[in-house]
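Student: Pasting entry34.tsv below, which is TSV, C-alpha atoms and all ligand atoms.
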chain	number	residue	atom	x	y	z
A	1	MET	CA	-44.49	-6.10	37.76
A	2	THR	CA	-47.37	-3.94	36.48
A	3	ASN	CA	-47.42	-2.40	33.05
A	4	GLU	CA	-46.87	0.97	34.76
A	5	ASP	CA	-43.78	-0.38	36.55
A	6	LYS	CA	-42.55	-1.72	33.24
A	7	ASN	CA	-43.24	1.64	31.60
A	8	ASN	CA	-41.52	3.53	34.43
A	9	GLY	CA	-38.64	1.10	34.27
A	10	SER	CA	-38.25	1.42	30.55
A	11	GLN	CA	-38.70	5.19	30.79
A	12	SER	CA	-35.94	5.58	33.38
A	13	GLU	CA	-33.81	3.13	31.39
A	14	SER	CA	-34.33	5.17	28.25
A	15	LEU	CA	-33.71	8.38	30.22
A	16	SER	CA	-30.44	7.11	31.66
A	17	ARG	CA	-29.52	5.76	28.22
A	18	ARG	CA	-30.35	9.17	26.76
A	19	ASN	CA	-28.22	10.85	29.45
A	20	MET	CA	-25.35	8.52	28.66
A	21	LEU	CA	-25.73	9.20	24.96
A	22	THR	CA	-25.91	12.94	25.65
A	23	ALA	CA	-22.77	12.75	27.82
A	24	ALA	CA	-21.03	10.71	25.15
A	25	ALA	CA	-22.18	13.16	22.48
A	26	VAL	CA	-20.91	16.13	24.51
A	27	ALA	CA	-17.56	14.41	25.14
A	28	SER	CA	-17.31	13.39	21.52
A	29	ALA	CA	-18.29	16.90	20.36
A	30	ALA	CA	-15.65	18.44	22.65
A	31	GLY	CA	-13.03	16.04	21.31
A	32	ALA	CA	-14.20	16.68	17.78
A	33	MET	CA	-14.00	20.44	18.25
A	34	ALA	CA	-10.48	20.26	19.65
A	35	PHE	CA	-9.41	17.92	16.84
A	36	GLN	CA	-11.18	20.04	14.25
A	37	ALA	CA	-9.46	23.22	15.48
A	38	ASN	CA	-6.10	21.44	15.16
A	39	ALA	CA	-7.10	20.00	11.82
A	40	GLN	CA	-7.99	23.43	10.48
A	41	THR	CA	-4.65	24.82	11.69
A	42	ALA	CA	-2.90	21.97	9.89
A	43	GLY	CA	-4.89	22.41	6.70
A	44	ALA	CA	-6.94	19.22	7.02
A	45	ALA	CA	-10.63	19.28	6.12
A	46	PRO	CA	-12.94	20.06	9.05
A	47	ALA	CA	-15.24	17.26	10.22
A	48	ALA	CA	-16.48	15.54	13.33
A	49	ALA	CA	-13.76	13.28	14.72
A	50	ARG	CA	-14.37	10.17	16.77
A	51	GLN	CA	-11.19	10.17	18.80
A	52	GLY	CA	-12.12	7.17	20.94
A	53	ASP	CA	-13.17	5.10	17.97
A	54	ARG	CA	-10.14	5.04	15.69
A	55	LYS	CA	-10.48	2.69	12.78
A	56	VAL	CA	-7.87	2.25	10.07
A	57	ALA	CA	-7.82	3.38	6.43
A	58	VAL	CA	-5.37	2.73	3.59
A	59	VAL	CA	-5.56	5.34	0.82
A	60	THR	CA	-3.42	4.69	-2.26
A	61	GLY	CA	-2.02	7.65	-4.18
A	62	SER	CA	-2.50	9.98	-1.23
A	63	SER	CA	0.65	12.11	-1.43
A	64	ARG	CA	-1.30	14.83	-3.27
A	65	GLY	CA	-4.54	15.67	-5.09
A	66	ILE	CA	-7.75	13.82	-4.30
A	67	GLY	CA	-6.00	11.05	-2.34
A	68	ALA	CA	-4.32	13.52	0.03
A	69	ALA	CA	-7.68	15.20	0.66
A	70	ILE	CA	-9.29	11.81	1.35
A	71	ALA	CA	-6.45	10.77	3.71
A	72	LYS	CA	-6.73	14.02	5.69
A	73	ARG	CA	-10.52	13.88	5.77
A	74	LEU	CA	-10.59	10.28	7.01
A	75	ALA	CA	-7.98	11.18	9.66
A	76	CYS	CA	-10.24	14.05	10.67
A	77	ASP	CA	-13.14	11.59	10.86
A	78	GLY	CA	-11.14	9.52	13.33
A	79	TYR	CA	-9.30	7.00	11.15
A	80	LYS	CA	-5.64	6.08	11.47
A	81	VAL	CA	-4.37	6.38	7.92
A	82	THR	CA	-1.71	4.77	5.76
A	83	VAL	CA	-0.67	7.26	3.11
A	84	ASN	CA	0.90	6.03	-0.13
A	85	CYS	CA	2.98	7.51	-2.94
A	86	VAL	CA	4.97	6.16	-5.86
A	87	VAL	CA	7.65	8.86	-6.26
A	88	ASN	CA	6.80	11.91	-4.12
A	89	ARG	CA	7.99	10.65	-0.74
A	90	ASP	CA	8.37	14.20	0.60
A	91	LEU	CA	4.72	14.96	-0.20
A	92	ALA	CA	3.54	11.72	1.44
A	93	ALA	CA	5.60	12.57	4.53
A	94	ALA	CA	4.04	16.07	4.56
A	95	VAL	CA	0.51	14.59	4.50
A	96	VAL	CA	1.46	12.41	7.48
A	97	ARG	CA	2.91	15.46	9.27
A	98	ASP	CA	-0.33	17.42	8.67
A	99	ILE	CA	-2.42	14.57	10.04
A	100	LYS	CA	-0.26	14.19	13.12
A	101	ALA	CA	-0.19	17.96	13.71
A	102	ALA	CA	-3.99	17.84	13.74
A	103	GLY	CA	-3.98	15.15	16.43
A	104	GLY	CA	-4.36	12.16	14.13
A	105	ASP	CA	-2.19	9.12	13.48
A	106	ALA	CA	-0.70	8.11	10.13
A	107	ILE	CA	2.21	6.44	8.41
A	108	TRP	CA	3.35	6.64	4.80
A	109	GLU	CA	4.65	3.91	2.54
A	110	GLN	CA	6.10	4.11	-0.96
A	111	ALA	CA	4.56	1.42	-3.18
A	112	ASP	CA	3.86	1.28	-6.90
A	113	VAL	CA	0.32	-0.12	-7.14
A	114	SER	CA	1.13	-1.71	-10.50
A	115	ASP	CA	3.41	-4.15	-8.62
A	116	PRO	CA	1.38	-6.75	-6.70
A	117	ALA	CA	4.28	-7.48	-4.31
A	118	ALA	CA	4.56	-3.77	-3.51
A	119	VAL	CA	0.82	-3.61	-2.83
A	120	ARG	CA	1.12	-6.52	-0.39
A	121	ARG	CA	4.04	-4.72	1.28
A	122	LEU	CA	1.91	-1.57	1.62
A	123	PHE	CA	-0.84	-3.47	3.40
A	124	ASP	CA	1.66	-5.41	5.52
A	125	ALA	CA	3.17	-2.10	6.67
A	126	ASN	CA	-0.30	-0.83	7.53
A	127	ASP	CA	-1.17	-4.00	9.46
A	128	LYS	CA	2.13	-3.85	11.34
A	129	ALA	CA	1.55	-0.22	12.36
A	130	PHE	CA	-2.19	-0.31	13.05
A	131	GLY	CA	-3.19	-3.96	13.44
A	132	GLY	CA	-5.61	-4.25	10.51
A	133	VAL	CA	-7.69	-2.28	8.05
A	134	ASP	CA	-11.31	-1.11	7.93
A	135	VAL	CA	-11.34	1.16	4.87
A	136	VAL	CA	-9.45	0.87	1.58
A	137	VAL	CA	-9.57	3.68	-0.95
A	138	SER	CA	-8.02	2.60	-4.26
A	139	ASN	CA	-7.28	6.10	-5.51
A	140	ALA	CA	-3.85	5.94	-7.21
A	141	GLY	CA	-4.23	6.63	-10.89
A	142	ILE	CA	-2.67	8.25	-13.95
A	143	MET	CA	-4.09	9.82	-17.08
A	144	ARG	CA	-2.50	9.99	-20.54
A	145	LEU	CA	-4.60	11.58	-23.27
A	146	ALA	CA	-4.31	11.21	-27.03
A	147	PRO	CA	-6.52	10.34	-29.97
A	148	PHE	CA	-6.44	6.63	-30.79
A	149	ARG	CA	-4.13	7.18	-33.76
A	150	ASP	CA	-1.48	8.89	-31.57
A	151	MET	CA	-1.69	6.90	-28.31
A	152	THR	CA	1.66	5.20	-27.68
A	153	ASP	CA	2.01	1.59	-26.53
A	154	GLN	CA	3.92	2.90	-23.53
A	155	ASP	CA	1.23	5.35	-22.34
A	156	PHE	CA	-1.57	2.86	-22.96
A	157	GLY	CA	0.34	0.10	-21.18
A	158	ARG	CA	1.15	2.26	-18.17
A	159	MET	CA	-2.54	3.22	-17.73
A	160	VAL	CA	-3.50	-0.45	-17.89
A	161	ASP	CA	-0.74	-1.28	-15.37
A	162	VAL	CA	-1.52	1.47	-12.84
A	163	ASN	CA	-5.26	2.03	-13.18
A	164	MET	CA	-6.64	-1.34	-14.18
A	165	LYS	CA	-4.12	-3.85	-12.81
A	166	GLY	CA	-3.11	-1.65	-9.84
A	167	GLY	CA	-6.77	-1.04	-9.01
A	168	PHE	CA	-7.31	-4.79	-9.01
A	169	TYR	CA	-4.29	-5.54	-6.79
A	170	VAL	CA	-5.50	-2.98	-4.24
A	171	MET	CA	-9.10	-4.24	-4.30
A	172	ARG	CA	-7.80	-7.80	-3.91
A	173	GLU	CA	-5.88	-6.89	-0.77
A	174	GLY	CA	-9.03	-5.10	0.40
A	175	ALA	CA	-11.09	-8.24	-0.24
A	176	ARG	CA	-8.59	-10.31	1.74
A	177	ARG	CA	-7.99	-7.95	4.65
A	178	VAL	CA	-10.80	-5.46	5.32
A	179	ARG	CA	-12.50	-6.27	8.62
A	180	ASN	CA	-16.22	-6.93	8.88
A	181	GLY	CA	-18.29	-3.77	8.62
A	182	GLY	CA	-15.62	-1.98	6.56
A	183	ARG	CA	-15.65	-0.10	3.27
A	184	ILE	CA	-13.78	-0.43	-0.02
A	185	ILE	CA	-13.86	2.38	-2.57
A	186	GLY	CA	-12.24	2.49	-6.02
A	187	LEU	CA	-11.79	5.71	-7.98
A	188	SER	CA	-13.41	5.64	-11.38
A	189	SER	CA	-14.13	8.83	-13.34
A	190	SER	CA	-17.15	10.61	-14.78
A	191	ILE	CA	-15.36	10.34	-18.12
A	192	THR	CA	-16.81	6.80	-18.26
A	193	GLN	CA	-20.10	8.61	-19.01
A	194	LEU	CA	-18.82	11.77	-20.76
A	195	ARG	CA	-16.70	9.73	-23.22
A	196	SER	CA	-14.88	12.73	-24.74
A	197	PRO	CA	-12.37	12.33	-27.58
A	198	THR	CA	-8.78	11.50	-26.48
A	199	TYR	CA	-10.01	9.89	-23.22
A	200	GLY	CA	-10.70	6.42	-24.68
A	201	PRO	CA	-7.96	4.27	-23.08
A	202	TYR	CA	-8.07	6.24	-19.80
A	203	ALA	CA	-11.86	5.88	-19.53
A	204	ALA	CA	-11.61	2.16	-20.31
A	205	THR	CA	-9.10	1.64	-17.49
A	206	LYS	CA	-11.24	3.65	-15.05
A	207	ILE	CA	-14.53	1.88	-15.76
A	208	ALA	CA	-12.85	-1.27	-14.45
A	209	HIS	CA	-13.30	0.18	-10.95
A	210	GLU	CA	-17.07	0.32	-11.45
A	211	ILE	CA	-17.14	-3.34	-12.41
A	212	TYR	CA	-14.71	-4.35	-9.62
A	213	ALA	CA	-16.88	-2.58	-7.01
A	214	ASN	CA	-20.17	-4.06	-8.16
A	215	ILE	CA	-18.89	-7.63	-8.28
A	216	LEU	CA	-16.71	-7.48	-5.14
A	217	ALA	CA	-19.70	-6.11	-3.20
A	218	LYS	CA	-21.52	-9.36	-4.02
A	219	GLU	CA	-18.53	-11.60	-3.26
A	220	LEU	CA	-18.19	-10.10	0.24
A	221	GLU	CA	-21.73	-11.04	1.21
A	222	GLY	CA	-22.36	-11.55	4.92
A	223	LYS	CA	-19.44	-9.36	6.02
A	224	GLN	CA	-21.30	-6.04	6.09
A	225	ILE	CA	-18.53	-4.59	3.92
A	226	SER	CA	-19.77	-2.05	1.39
A	227	VAL	CA	-17.83	-1.66	-1.86
A	228	ASN	CA	-18.39	1.25	-4.22
A	229	ALA	CA	-16.78	3.17	-7.04
A	230	MET	CA	-16.43	6.96	-6.81
A	231	ALA	CA	-16.51	8.72	-10.16
A	232	PRO	CA	-15.29	12.32	-9.83
A	233	GLY	CA	-15.24	14.79	-12.68
A	234	LEU	CA	-13.26	17.97	-13.42
A	235	VAL	CA	-11.32	18.11	-10.15
A	236	ASN	CA	-8.67	20.79	-9.72
A	237	THR	CA	-5.53	18.64	-9.54
A	238	THR	CA	-2.50	18.36	-11.80
A	239	LEU	CA	-3.97	15.16	-13.27
A	240	PHE	CA	-6.76	17.28	-14.73
A	241	THR	CA	-5.03	20.62	-15.36
A	242	ASP	CA	-1.63	19.47	-16.75
A	243	GLY	CA	-1.44	19.84	-20.52
A	244	LYS	CA	-4.56	22.04	-20.71
A	245	THR	CA	-4.53	25.76	-21.52
A	246	GLU	CA	-6.34	28.32	-19.33
A	247	ALA	CA	-8.90	28.67	-22.13
A	248	GLN	CA	-9.51	24.93	-22.25
A	249	ILE	CA	-10.01	24.80	-18.47
A	250	ALA	CA	-12.39	27.78	-18.67
A	251	GLY	CA	-14.29	25.90	-21.36
A	252	PHE	CA	-14.72	22.90	-19.02
A	253	VAL	CA	-15.85	25.23	-16.20
A	254	GLN	CA	-18.50	26.71	-18.49
A	255	ARG	CA	-19.96	23.22	-18.97
A	256	THR	CA	-20.53	22.77	-15.22
A	257	PRO	CA	-23.82	23.89	-13.61
A	258	HIS	CA	-21.91	25.32	-10.62
A	259	LYS	CA	-19.45	27.16	-12.88
A	260	ARG	CA	-16.35	25.96	-11.08
A	261	LEU	CA	-13.94	23.03	-11.00
A	262	GLY	CA	-14.38	20.52	-8.22
A	263	GLU	CA	-11.82	20.64	-5.42
A	264	PRO	CA	-10.25	17.50	-3.92
A	265	SER	CA	-12.21	18.22	-0.72
A	266	ASP	CA	-15.49	17.90	-2.69
A	267	ILE	CA	-14.59	14.28	-3.39
A	268	ALA	CA	-13.23	13.65	0.12
A	269	ASP	CA	-16.56	14.86	1.55
A	270	VAL	CA	-18.46	12.17	-0.35
A	271	VAL	CA	-15.92	9.47	0.56
A	272	SER	CA	-16.35	10.52	4.19
A	273	VAL	CA	-20.11	9.92	3.97
A	274	LEU	CA	-19.62	6.52	2.31
A	275	CYS	CA	-17.11	5.51	5.01
A	276	GLY	CA	-19.20	6.90	7.85
A	277	LYS	CA	-21.73	5.01	9.91
A	278	ASP	CA	-24.61	6.25	7.72
A	279	GLY	CA	-23.03	5.22	4.41
A	280	GLY	CA	-23.19	1.44	4.64
A	281	TRP	CA	-26.40	0.88	2.72
A	282	VAL	CA	-24.81	2.26	-0.45
A	283	ASN	CA	-23.21	-0.89	-1.83
A	284	GLY	CA	-22.04	-2.05	-5.26
A	285	GLN	CA	-22.76	1.37	-6.79
A	286	THR	CA	-20.92	4.00	-8.77
A	287	ILE	CA	-21.27	7.42	-7.17
A	288	PHE	CA	-20.83	10.25	-9.67
A	289	ALA	CA	-19.46	13.37	-7.94
A	290	ASN	CA	-18.91	15.94	-10.67
A	291	GLY	CA	-21.03	18.99	-9.85
A	292	GLY	CA	-23.60	17.89	-12.41
A	293	VAL	CA	-21.45	17.99	-15.53
A	294	VAL	CA	-22.69	14.62	-16.79
B	301	LIG	N1	-8.67	15.09	-11.10
B	301	LIG	C1	-9.76	14.69	-11.74
B	301	LIG	O1	-10.44	15.50	-12.38
B	301	LIG	C2	-10.22	13.27	-11.66
B	301	LIG	C3	-11.45	12.97	-12.24
B	301	LIG	C4	-11.91	11.67	-12.20
B	301	LIG	C5	-11.18	10.68	-11.59
B	301	LIG	N2	-9.97	10.98	-11.04
B	301	LIG	C6	-9.23	9.88	-10.41
B	301	LIG	O2	-8.94	10.23	-9.07
B	301	LIG	C7	-7.70	9.64	-8.67
B	301	LIG	C8	-6.78	10.71	-8.10
B	301	LIG	O3	-6.57	11.67	-9.10
B	301	LIG	P1	-5.86	13.06	-8.83
B	301	LIG	O4	-6.50	14.04	-9.74
B	301	LIG	O5	-5.80	13.34	-7.37
B	301	LIG	O6	-4.39	12.71	-9.37
B	301	LIG	P2	-2.96	13.37	-9.02
B	301	LIG	O7	-3.14	14.72	-8.42
B	301	LIG	O8	-2.15	13.21	-10.25
B	301	LIG	O9	-2.39	12.41	-7.86
B	301	LIG	C9	-2.13	11.08	-8.18
B	301	LIG	C10	-1.71	10.32	-6.94
B	301	LIG	O10	-1.55	8.94	-7.30
B	301	LIG	C11	-0.23	8.55	-6.98
B	301	LIG	N3	0.21	7.54	-7.95
B	301	LIG	C12	0.35	7.66	-9.28
B	301	LIG	N4	0.80	6.51	-9.80
B	301	LIG	C13	0.94	5.65	-8.78
B	301	LIG	C14	1.39	4.32	-8.68
B	301	LIG	N5	1.78	3.62	-9.74
B	301	LIG	N6	1.41	3.74	-7.45
B	301	LIG	C15	1.05	4.43	-6.35
B	301	LIG	N7	0.62	5.70	-6.37
B	301	LIG	C16	0.58	6.30	-7.58
B	301	LIG	C17	0.61	9.81	-7.00
B	301	LIG	O11	1.78	9.61	-6.20
B	301	LIG	P3	3.13	10.49	-6.45
B	301	LIG	O12	2.84	11.84	-5.82
B	301	LIG	O13	4.18	9.74	-5.75
B	301	LIG	O14	3.29	10.60	-7.93
B	301	LIG	C18	-0.39	10.78	-6.36
B	301	LIG	O15	-0.42	10.63	-4.97
B	301	LIG	C19	-7.15	8.94	-9.93
B	301	LIG	O16	-7.46	7.58	-9.87
B	301	LIG	C20	-7.89	9.61	-11.07
B	301	LIG	O17	-8.02	8.75	-12.19
B	301	LIG	C21	-9.48	12.26	-11.06
Is it possible to give me this structure as structure tokens?
Tutor:
Amino acid sequence: MTNEDKNNGSQSESLSRRNMLTAAAVASAAGAMAFQANAQTAGAAPAAARQGDRKVAVVTGSSRGIGAAIAKRLACDGYKVTVNCVVNRDLAAAVVRDIKAAGGDAIWEQADVSDPAAVRRLFDANDKAFGGVDVVVSNAGIMRLAPFRDMTDQDFGRMVDVNMKGGFYVMREGARRVRNGGRIIGLSSSITQLRSPTYGPYAATKIAHEIYANILAKELEGKQISVNAMAPGLVNTTLFTDGKTEAQIAGFVQRTPHKRLGEPSDIADVVSVLCGKDGGWVNGQTIFANGGVV
């Protein structure tokens, strides 16, 4: 075979490959558009879906707030999703309904992440429904604010139980179960940098996620699993707004370069990138998504 033959051969090979890729892209775009139209009707975030390539995500604390936005966004991106709540079963069921109405697939499971047996049950339910897991988002969290002198044992203990211990139990199941090439993300907070008064114990329990992610990323070497912490700031959910006056919230908004609170979808957008095919090289990091407030 001459060099020209080889060139012609490789050209026609690359042409037919390009045609195949174009056909696949058109089919995928058509599917994505149909899914996206449904997703928009159902209130899920718009994004390109990969209908034929459904992987599986478990998102803890996804009955509302940031977790619900992440669950819907990952469903929109083509993941089957296990939604989780601790008390608001109706809200978790509604997230599942929204995902299904948009053409996705999801289940919900009540599980308190501060209970390691419940966390195992959550992942068992996911595995039973979907056969395994590719993405874990350890999002469930609570916030109790008080100056050191007024913080109660009960509030401090519950933050340690849910945020620090619960975050660990979820990451541990992720370490045991996420399939090669997957992603694990833990929710920290930009307060680990801002360090405002009254946030001490909360910030301390959230920074654990930054340490978990960095060390677990190293422990999972060879599996092409990327592990990161997401650190949002000033996101418009009840966790942030409850207990604050309008004036206090306006004061926070004034401190942000974009002069607005973040929305749960702002955080879901970044999680989508990290979980997408182009996000794998970000590994062991803390990603601060706060509109520039820190
Ligand atoms: N909002 C912010 O400005 C902000 C900033 C930085 C970091 N974060 C972090 O982002 C994450 C989500 O925050 P968010 O603002 O979306 O909070 P949110 O609106 O209060 O929602 C919290 C979610 O976590 C679930 N949850 C709470 N305790 C749980 C437990 N023990 N076991 C299982 N699920 C539990 C809740 O379920 P139920 O509905 O059943 O109660 C709910 O789905 C948290 O880890 C938070 O620390 C938030």
Student: Near range 164-166 of chain A, counting only C-alpha atoms, which residues have an atom at most 6 Å away, once you skip same-chain residues fewer than 2 positions from it, shown as a ChimeraX atom specification?
Tutor: /A:113-114,160-162,168-169,205
Student: Write out as CSV the residues of chain A that have any atom within 6 Å of an atom of ligand LIG 301 (chain B), one row each with the nearest atom pair and its distance in Å to one decimal, counting all atoms listed in the file, sorted by chain and then rising number.
Tutor:
residue,atom,partner,partner_atom,distance
A:Thr60,CA,B:LIG301,N7,5.9
A:Gly61,CA,B:LIG301,O10,3.4
A:Ser62,CA,B:LIG301,O15,4.3
A:Ser63,CA,B:LIG301,O15,4.0
A:Arg64,CA,B:LIG301,O15,4.6
A:Gly65,CA,B:LIG301,O5,3.5
A:Ile66,CA,B:LIG301,O5,3.7
A:Gly67,CA,B:LIG301,O5,5.5
A:Cys85,CA,B:LIG301,O13,3.8
A:Val86,CA,B:LIG301,O13,3.7
A:Val87,CA,B:LIG301,O13,3.6
A:Asn88,CA,B:LIG301,O13,3.8
A:Ala111,CA,B:LIG301,C15,5.6
A:Asp112,CA,B:LIG301,N6,3.5
A:Val113,CA,B:LIG301,N6,4.0
A:Ser114,CA,B:LIG301,N5,5.4
A:Asn139,CA,B:LIG301,O16,4.6
A:Ala140,CA,B:LIG301,O10,3.8
A:Gly141,CA,B:LIG301,O16,3.5
A:Ile142,CA,B:LIG301,C12,5.6
A:Val162,CA,B:LIG301,N5,5.0
A:Leu187,CA,B:LIG301,O16,5.1
A:Ser188,CA,B:LIG301,C5,5.5
A:Ser189,CA,B:LIG301,C4,3.8
A:Ser190,CA,B:LIG301,C4,5.9
A:Ala231,CA,B:LIG301,C4,5.8
A:Pro232,CA,B:LIG301,C4,4.2
A:Gly233,CA,B:LIG301,C3,4.2
A:Leu234,CA,B:LIG301,O1,3.9
A:Val235,CA,B:LIG301,O1,3.5
A:Asn236,CA,B:LIG301,N1,5.9
A:Thr237,CA,B:LIG301,O4,4.7
A:Thr238,CA,B:LIG301,O7,5.0
A:Leu239,CA,B:LIG301,O8,4.0
A:Phe240,CA,B:LIG301,N1,4.6
Student: With only C-alpha atoms counted and 12 Å as the cut-off, give the residues of range 189-260 of chain A in contact with range 282-290 of chain A, each with its shortest interatomic distance in Å and the pair that gives it, as a Markdown table.
Tutor:
| residue | atom | partner | partner_atom | distance |
| --- | --- | --- | --- | --- |
| A:Ser189 | CA | A:Phe288 | CA | 7.8 |
| A:Ser190 | CA | A:Phe288 | CA | 6.3 |
| A:Ile191 | CA | A:Asn290 | CA | 10.0 |
| A:Thr192 | CA | A:Phe288 | CA | 10.1 |
| A:Gln193 | CA | A:Phe288 | CA | 9.5 |
| A:Leu194 | CA | A:Asn290 | CA | 10.9 |
| A:Lys206 | CA | A:Thr286 | CA | 11.5 |
| A:Ile207 | CA | A:Thr286 | CA | 9.7 |
| A:Ala208 | CA | A:Thr286 | CA | 11.2 |
| A:His209 | CA | A:Thr286 | CA | 8.8 |
| A:Glu210 | CA | A:Thr286 | CA | 6.0 |
| A:Ile211 | CA | A:Gly284 | CA | 8.8 |
| A:Tyr212 | CA | A:Gly284 | CA | 8.8 |
| A:Ala213 | CA | A:Gly284 | CA | 5.5 |
| A:Asn214 | CA | A:Gly284 | CA | 4.0 |
| A:Ile215 | CA | A:Gly284 | CA | 7.1 |
| A:Leu216 | CA | A:Gly284 | CA | 7.6 |
| A:Ala217 | CA | A:Gly284 | CA | 5.1 |
| A:Lys218 | CA | A:Gly284 | CA | 7.4 |
| A:Glu219 | CA | A:Gly284 | CA | 10.4 |
| A:Leu220 | CA | A:Gly284 | CA | 10.5 |
| A:Glu221 | CA | A:Asn283 | CA | 10.7 |
| A:Gln224 | CA | A:Asn283 | CA | 9.6 |
| A:Ile225 | CA | A:Asn283 | CA | 8.3 |
| A:Ser226 | CA | A:Asn283 | CA | 4.9 |
| A:Val227 | CA | A:Gly284 | CA | 5.4 |
| A:Asn228 | CA | A:Gly284 | CA | 5.0 |
| A:Ala229 | CA | A:Thr286 | CA | 4.6 |
| A:Met230 | CA | A:Ile287 | CA | 4.9 |
| A:Ala231 | CA | A:Phe288 | CA | 4.6 |
| A:Pro232 | CA | A:Ala289 | CA | 4.7 |
| A:Gly233 | CA | A:Asn290 | CA | 4.3 |
| A:Leu234 | CA | A:Asn290 | CA | 6.6 |
| A:Val235 | CA | A:Asn290 | CA | 7.9 |
| A:Asn236 | CA | A:Asn290 | CA | 11.4 |
| A:Phe252 | CA | A:Asn290 | CA | 11.6 |
| A:Val253 | CA | A:Asn290 | CA | 11.2 |
| A:Arg255 | CA | A:Asn290 | CA | 11.1 |
| A:Thr256 | CA | A:Asn290 | CA | 8.4 |
| A:Pro257 | CA | A:Asn290 | CA | 9.8 |
| A:His258 | CA | A:Asn290 | CA | 9.8 |
| A:Lys259 | CA | A:Asn290 | CA | 11.4 |
| A:Arg260 | CA | A:Asn290 | CA | 10.3 |
Student: Choose the residue, out of A:Ala117, A:Ile185, A:Phe123, A:Arg176, that has the smallest atom-to-atom separation from Val273 in chain A; count all atoms listed in the file.
Tutor: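 Result for the nearest residue to Val273 in chain A: A:Ile185.
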Student: How big is the axis-aligned box around all listed atoms of range 88-97 of chain A once 3 Å goes on each side, and where's its centre, in Å to one decimal, as AutoDock Vina command-line options?
Tutor:
--center_x 4.4 --center_y 13.4 --center_z 2.6 --size_x 13.9 --size_y 11.4 --size_z 19.4
Student: With distances taken over only C-alpha atoms, which residue among A:Gly292, A:Gly243, A:Pro116, A:Gly131 lies nearest Val56 in chain A?
Tutor: A:Gly131
Student: Just how far from CA of Ile99 in chain A is CA of Gly186 in chain A, in Å to one decimal?
Tutor: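 Interatomic distance here is 22.4 Å.
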Student: What is the CA of Ala68 in chain A-CA of Ala268 in chain A distance in Å, reported with one decimal?
Tutor: 8.9 Å
Student: Determine the nearest neighbour of Phe148 in chain A from the options A:Cys76, A:Ala203, A:Trp281, A:Thr198, counting only C-alpha atoms.
Tutor: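 Ranked by minimum distance to Phe148 in chain A, first place goes to A:Thr198.
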